[in-house]
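In what follows, a structure is listed as structure tokens, so that the remarks can point back to it.
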Amino acid sequence: MQKIITDIFERESLVVSWISKRVNIKRQKLYDVELNDKIIWFVGLRWIWKTTFLLQKRLETPKSVYMSFDWWIFKNQNLFEIIKEIHKTYSINTFFVDEIHFFENWWELLKNIFDILDIKVIFSGSSMINI
């Protein structure tokens, strides 16, 4: 599991670094959204800045991590255990999860996180068929 967690942090570092250098435009209506709830869902069509929003908020949020569930490293993994381990080991309290619809039973994952873990999950998805 440590290899997967290392891969997550390496990919996250690359994506966050890329967004911090290239995107400085903030969509005000989205950007003003308060992230106070335990689970927050951003759903919508493709290309409406959901990923950019998540990454910009990630840059401003201490003790947080960005993950996109379309990354190959998440295939056939127990995502609850991965998130639980990242929270426990690295004191990460906020998870920005993009493309949640790529995870087959995403609603079960969120329910277990809500019921068991004391963390925030801000997630997005664009495939209405899967959501």
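By order of appearance in the structure tokens: chains A, B, ..., then residues from 1 within every chain, and ligands from 1 in the order shown.
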
Quiz prompt | Every residue of chain A that DSSP places in alpha helix (DSSP H), as a VMD selection string | solution = chain A and resid 2 to 22 28 to 31 50 to 60 79 to 90 106 to 116

Practice problem: Using only C-alpha atoms, pick whichever of A:Leu59, A:Val16, A:Met67, A:Val43 has the shortest atom-to-atom distance to Val97 in chain A. | Solution: A:Met67

Self-check item: All strand (DSSP E or B) residues (DSSP, backbone) inside range 15-109 of chain A, as a ChimeraX atom specification
Solution: /A:39-43,64-68,94-98

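With CA of Phe53 in chain A on one side and CA of Glu104 in chain A on the other, the separation reads 23.8 Å.
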
Exercise. Mind giving me the straight-line distance from CA of Phe69 in chain A to CA of Phe103 in chain A in Å, one decimal?
Key: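 These atoms are spaced 6.5 Å apart.
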
Practice problem: Find the residues near range 4-12 of chain A: any atom within 8 Å, counting only C-alpha atoms, skip ones fewer than 2 places away on the same chain, and give them as a PyMOL selection string. | Solution: chain A and resi 1-2+14-16+65-67+73+82+86

Write to file, as a short mmCIF file (atom, residue, chain, number, x, y, z; two decimals), in the first residue's frame, the residues of the selection just made, with all heavy atoms.
```cif
data_model
loop_
_atom_site.label_atom_id
_atom_site.label_comp_id
_atom_site.auth_asym_id
_atom_site.auth_seq_id
_atom_site.Cartn_x
_atom_site.Cartn_y
_atom_site.Cartn_z
N MET A 1 0.81 -1.20 0.00
CA MET A 1 0.00 0.00 0.00
C MET A 1 0.86 1.26 0.00
O MET A 1 0.46 2.27 -0.57
CB MET A 1 -0.95 0.01 1.19
CG MET A 1 -1.82 1.24 1.16
SD MET A 1 -3.07 1.42 2.43
CE MET A 1 -3.96 -0.07 2.33
N GLN A 2 2.02 1.21 0.62
CA GLN A 2 2.88 2.39 0.66
C GLN A 2 3.31 2.83 -0.74
O GLN A 2 3.41 4.03 -1.02
CB GLN A 2 4.12 2.13 1.53
CG GLN A 2 4.94 3.37 1.77
CD GLN A 2 4.13 4.51 2.38
OE1 GLN A 2 3.33 4.32 3.28
NE2 GLN A 2 4.32 5.72 1.86
N LEU A 14 2.87 16.71 -9.17
CA LEU A 14 3.00 17.14 -10.57
C LEU A 14 1.79 17.96 -11.03
O LEU A 14 1.94 19.01 -11.65
CB LEU A 14 3.17 15.92 -11.49
CG LEU A 14 4.47 15.15 -11.35
CD1 LEU A 14 4.40 13.84 -12.14
CD2 LEU A 14 5.64 15.99 -11.82
N VAL A 15 0.60 17.48 -10.72
CA VAL A 15 -0.61 18.18 -11.16
C VAL A 15 -0.76 19.53 -10.45
O VAL A 15 -1.06 20.54 -11.09
CB VAL A 15 -1.86 17.29 -10.91
CG1 VAL A 15 -3.14 18.05 -11.18
CG2 VAL A 15 -1.79 16.04 -11.75
N VAL A 16 -0.53 19.56 -9.16
CA VAL A 16 -0.65 20.81 -8.40
C VAL A 16 0.40 21.81 -8.86
O VAL A 16 0.13 23.00 -9.01
CB VAL A 16 -0.57 20.54 -6.89
CG1 VAL A 16 -0.40 21.83 -6.10
CG2 VAL A 16 -1.82 19.80 -6.43
N VAL A 65 -5.04 16.76 0.01
CA VAL A 65 -4.45 16.06 -1.12
C VAL A 65 -5.48 15.99 -2.25
O VAL A 65 -6.68 15.93 -2.00
CB VAL A 65 -3.95 14.65 -0.73
CG1 VAL A 65 -5.07 13.72 -0.38
CG2 VAL A 65 -3.05 14.06 -1.80
N TYR A 66 -4.97 16.04 -3.48
CA TYR A 66 -5.80 15.91 -4.67
C TYR A 66 -5.56 14.53 -5.28
O TYR A 66 -4.42 14.08 -5.38
CB TYR A 66 -5.43 16.99 -5.70
CG TYR A 66 -6.05 16.77 -7.05
CD1 TYR A 66 -7.34 17.25 -7.33
CD2 TYR A 66 -5.38 16.09 -8.06
CE1 TYR A 66 -7.91 17.04 -8.58
CE2 TYR A 66 -5.95 15.88 -9.30
CZ TYR A 66 -7.22 16.35 -9.55
OH TYR A 66 -7.79 16.14 -10.76
N MET A 67 -6.65 13.86 -5.65
CA MET A 67 -6.55 12.57 -6.32
C MET A 67 -7.58 12.54 -7.44
O MET A 67 -8.68 13.04 -7.28
CB MET A 67 -6.88 11.42 -5.35
CG MET A 67 -5.98 11.33 -4.17
SD MET A 67 -6.34 9.90 -3.13
CE MET A 67 -7.87 10.36 -2.38
N ILE A 73 -3.42 3.98 -11.07
CA ILE A 73 -2.99 3.41 -9.78
C ILE A 73 -4.17 3.03 -8.90
O ILE A 73 -4.00 2.26 -7.96
CB ILE A 73 -2.03 4.36 -9.02
CG1 ILE A 73 -2.68 5.73 -8.81
CG2 ILE A 73 -0.71 4.48 -9.71
CD1 ILE A 73 -1.84 6.69 -8.00
N ILE A 82 -6.92 3.07 1.47
CA ILE A 82 -5.89 4.02 1.04
C ILE A 82 -6.14 5.39 1.67
O ILE A 82 -5.23 6.00 2.23
CB ILE A 82 -5.86 4.13 -0.50
CG1 ILE A 82 -5.33 2.82 -1.10
CG2 ILE A 82 -5.01 5.31 -0.96
CD1 ILE A 82 -5.49 2.73 -2.61
N ILE A 86 -3.75 7.31 4.40
CA ILE A 86 -3.20 8.66 4.15
C ILE A 86 -3.60 9.60 5.28
O ILE A 86 -2.79 10.38 5.78
CB ILE A 86 -3.68 9.19 2.78
CG1 ILE A 86 -3.03 8.40 1.65
CG2 ILE A 86 -3.39 10.69 2.64
CD1 ILE A 86 -3.59 8.72 0.26
#
```

Quiz item: In terms of the shortest atom-to-atom distance over only C-alpha atoms, which of A:Ser68, A:Trp49, A:Ser13, A:Lys57 is closest to Asp98 in chain A?
Solution: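 Closest candidate: A:Ser68.
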
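Nearest to Asn76 in chain A of all the residues A:Phe114, A:Phe42, A:Phe102, A:Phe95 is A:Phe102, counting only C-alpha atoms.
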
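If you measure from each of A:Leu79, A:Asn36, A:Ser17, A:Leu54 to Glu108 in chain A using only C-alpha atoms, the closest one turns out to be A:Leu79.
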
Exercise. Work out how far CA of Trp41 in chain A is from CA of Asp118 in chain A, in Å to one decimal.
Key: 17.2 Å
